[in-house]
Amino acid sequence: MRFKLKNIAIAAALVILVAFALMIRADIPAEELKARYTTASSRFVHIDGADLHFRDEGKGTPIILLHGTAASLQTWDGWSAELSKQYRVLRLDLPGFGLTGPNATGSYSIDYYSNLLLHFMDSLGIDQAHIGGSSLGGQIAYDFAATHPERVQKLILVSPTGVTNANDKSITLPFRMAQTPLLKHSLKLMTPRFIVAQSLKEVYGDDSKLKAETISLSHDLLLRKGNRSAFVDRLNTVDSDNLHKLAKVQAPTLILWGEADAWVPVADASRFQQGISGAQLKLYAGAGHIPMEEQPQETVQDVLSFLHQEVALRD
């Protein structure tokens with residue numbers, strides 16, 4: 001009987017080891033991904049320890065767009081196509097993500113990203129710009145607007161983080177793994193495509209809108225050399241409280257939020273609206289955490305109306 005139980009235990013252990021082995025994915029070299037995902041509008045600039053990848057499209061007043069955690073500048077594809085007809089659109093791959101990859105400092109705090117944005121604008125000679133951000137990018141954007149009000153013309157926040165923590169019950173699997181001591185190091189190796197797919201489905205309100213190429217892009221960029229370690233570092237970064245900075249935002253502000261956001265509760269939207277003087281709020285039925293991807297035309301038209309409203313008021 002003992003011999004039989006021992007064999008069963010060995011067999012079970014082998015099954016577990018095989019399962020783990022099947023989930024291991026190797027890093028993809030940065031140069032391979034650059035060849036795959038850069039475009040004619042792609043640029044690179046070395047700032048604050050990072051080879052920052054960004055796209056520079058259109059002409060006119062600059063609009064700088066910042067993505068969320070584990071995302072990339074492609075999250076703004078739907079917006080950029082419209083905005084670049086009237087504005088100069090600059091969208092970044094934040095350090096730790098996308099083609100930019102990890103930074104040499106090992107820091108991924110809000111303070112680091114806010115300073116990076118300042119230095120990015122300085123490097124391009126941009127004195128003022130409209131700033132837009134989604135999720136983590138939104139938190140960076142309002143922190144920057146509060147700290148450097150003279151540099152921000154208008155502020156656009158899409159489901160920003162920073163008021164409350166994301167709902168622990170709905171945080172996607174890679175996020176839970178990254179914040180679990182016994183699992184976070186395994187995330188640097190075990191990231192099969194199906195985990196990325198499931199995570200994206202959780203941040204969409206209507207996952208039928210999720211395209212296979214979006215999953216492939218997200219998976220590829222997660223596997224960019226150094227990004228998985230940076231992702232774990234970011235998820236384990238404890239930022240200083242910047243909630244008080246909402247009251248310091250002087251720029252006219254538009255807040256966009258999906259009513260079906262399962263990650264950051266839509267109840268936070270009113271807290272942002274109340275915290276930022278004069279802020280306007282737009283809610284989108286059926287949309288999840290990234291409404292600019294799910295409902296690009298509706299959301300970008302609201303953004304354009306907001307920007308045109310400012311011009312009209314100044315005239």
# chains A, B, ... in the order shown; residues from 1 in each chain; ligands from 1
>>> residues_around(residues="stretch 158-161 of chain A", least_positions_apart="2", cutoff="6 Å", atoms="only C-alpha atoms", output="list in words")
Ser134, Ser135, Leu136, Gly138, Gln139, Ile255, Leu256 and Trp257 of chain A
>>> closest_residue(among="A:His219, A:Gln274, A:Val238, A:Glu202", to="A:Gly288", atoms="only C-alpha atoms")
A:Glu202
>>> closest_residue(among="A:Gly205, A:Gly125, A:Pro265, A:Gly133", to="A:Arg151", atoms="only C-alpha atoms")
A:Gly125
>>> atom_distance(atom1="atom CA of A:Ile64", atom2="atom CA of A:Asn103")
20.2 Å
>>> residues_around(residues="A:Pro296", least_positions_apart="6", cutoff="9 Å", atoms="only C-alpha atoms", output="PyMOL selection string")
chain A and resi 76-79
>>> write_last_selection(atoms="N, CA and C atoms", output="short mmCIF file (atom, residue, chain, number, x, y, z; two decimals), in the first residue's frame")
data_model
loop_
_atom_site.label_atom_id
_atom_site.label_comp_id
_atom_site.auth_asym_id
_atom_site.auth_seq_id
_atom_site.Cartn_x
_atom_site.Cartn_y
_atom_site.Cartn_z
N TRP A 76 -3.89 53.39 -27.08
CA TRP A 76 -4.44 54.65 -27.58
C TRP A 76 -4.63 54.65 -29.09
N ASP A 77 -4.53 53.51 -29.75
CA ASP A 77 -4.64 53.48 -31.22
C ASP A 77 -5.89 54.17 -31.73
N GLY A 78 -7.03 53.87 -31.12
CA GLY A 78 -8.29 54.45 -31.58
C GLY A 78 -8.34 55.95 -31.42
N TRP A 79 -7.77 56.44 -30.35
CA TRP A 79 -7.75 57.89 -30.11
C TRP A 79 -6.75 58.60 -31.02
#
>>> closest_residue(among="A:Val203, A:Val196, A:Val303, A:Leu210", to="A:Ile290", atoms="only C-alpha atoms")
A:Val203
>>> residues_around(residues="stretch 39-52 of chain A", least_positions_apart="4", cutoff="6 Å", atoms="only C-alpha atoms", output="VMD selection string")
chain A and resid 56 100 103 to 105
>>> write_last_selection(atoms="N, CA and C atoms", output="PDB file, in the first residue's frame")
ATOM      1  N   ASP A  56       5.283  59.765 -32.234  1.00  0.00           N
ATOM      2  CA  ASP A  56       5.068  61.196 -32.433  1.00  0.00           C
ATOM      3  C   ASP A  56       4.269  61.363 -33.727  1.00  0.00           C
ATOM      4  N   THR A 100       9.836  49.999 -24.357  1.00  0.00           N
ATOM      5  CA  THR A 100      10.797  50.710 -23.509  1.00  0.00           C
ATOM      6  C   THR A 100      11.543  49.741 -22.619  1.00  0.00           C
ATOM      7  N   ASN A 103      13.983  50.102 -16.574  1.00  0.00           N
ATOM      8  CA  ASN A 103      14.944  51.212 -16.468  1.00  0.00           C
ATOM      9  C   ASN A 103      16.111  50.805 -15.577  1.00  0.00           C
ATOM     10  N   ALA A 104      17.201  51.527 -15.705  1.00  0.00           N
ATOM     11  CA  ALA A 104      18.421  51.171 -14.979  1.00  0.00           C
ATOM     12  C   ALA A 104      18.322  51.483 -13.491  1.00  0.00           C
ATOM     13  N   THR A 105      17.375  52.332 -13.108  1.00  0.00           N
ATOM     14  CA  THR A 105      17.264  52.733 -11.706  1.00  0.00           C
ATOM     15  C   THR A 105      16.553  51.682 -10.860  1.00  0.00           C
TER      16      THR A 105
END
>>> select_by_dssp(residues="stretch 71-208 of chain A", states="helix (DSSP H, G or I)", output="ChimeraX atom specification")
/A:73-83,110-123,136-147,149-151,173-178,186-188,193-203,207-208
>>> closest_residue(among="A:Ala285, A:Ile110, A:Ala141, A:Val163", to="A:Gly258", atoms="only C-alpha atoms")
A:Ala285
>>> select_by_dssp(residues="stretch 35-107 of chain A", states="strand (DSSP E or B)", output="JSON, numbers by chain")
{"A": [42, 43, 44, 45, 46, 47, 50, 51, 52, 53, 54, 55, 56, 57, 62, 63, 64, 65, 66, 88, 89, 90, 91, 92, 93]}
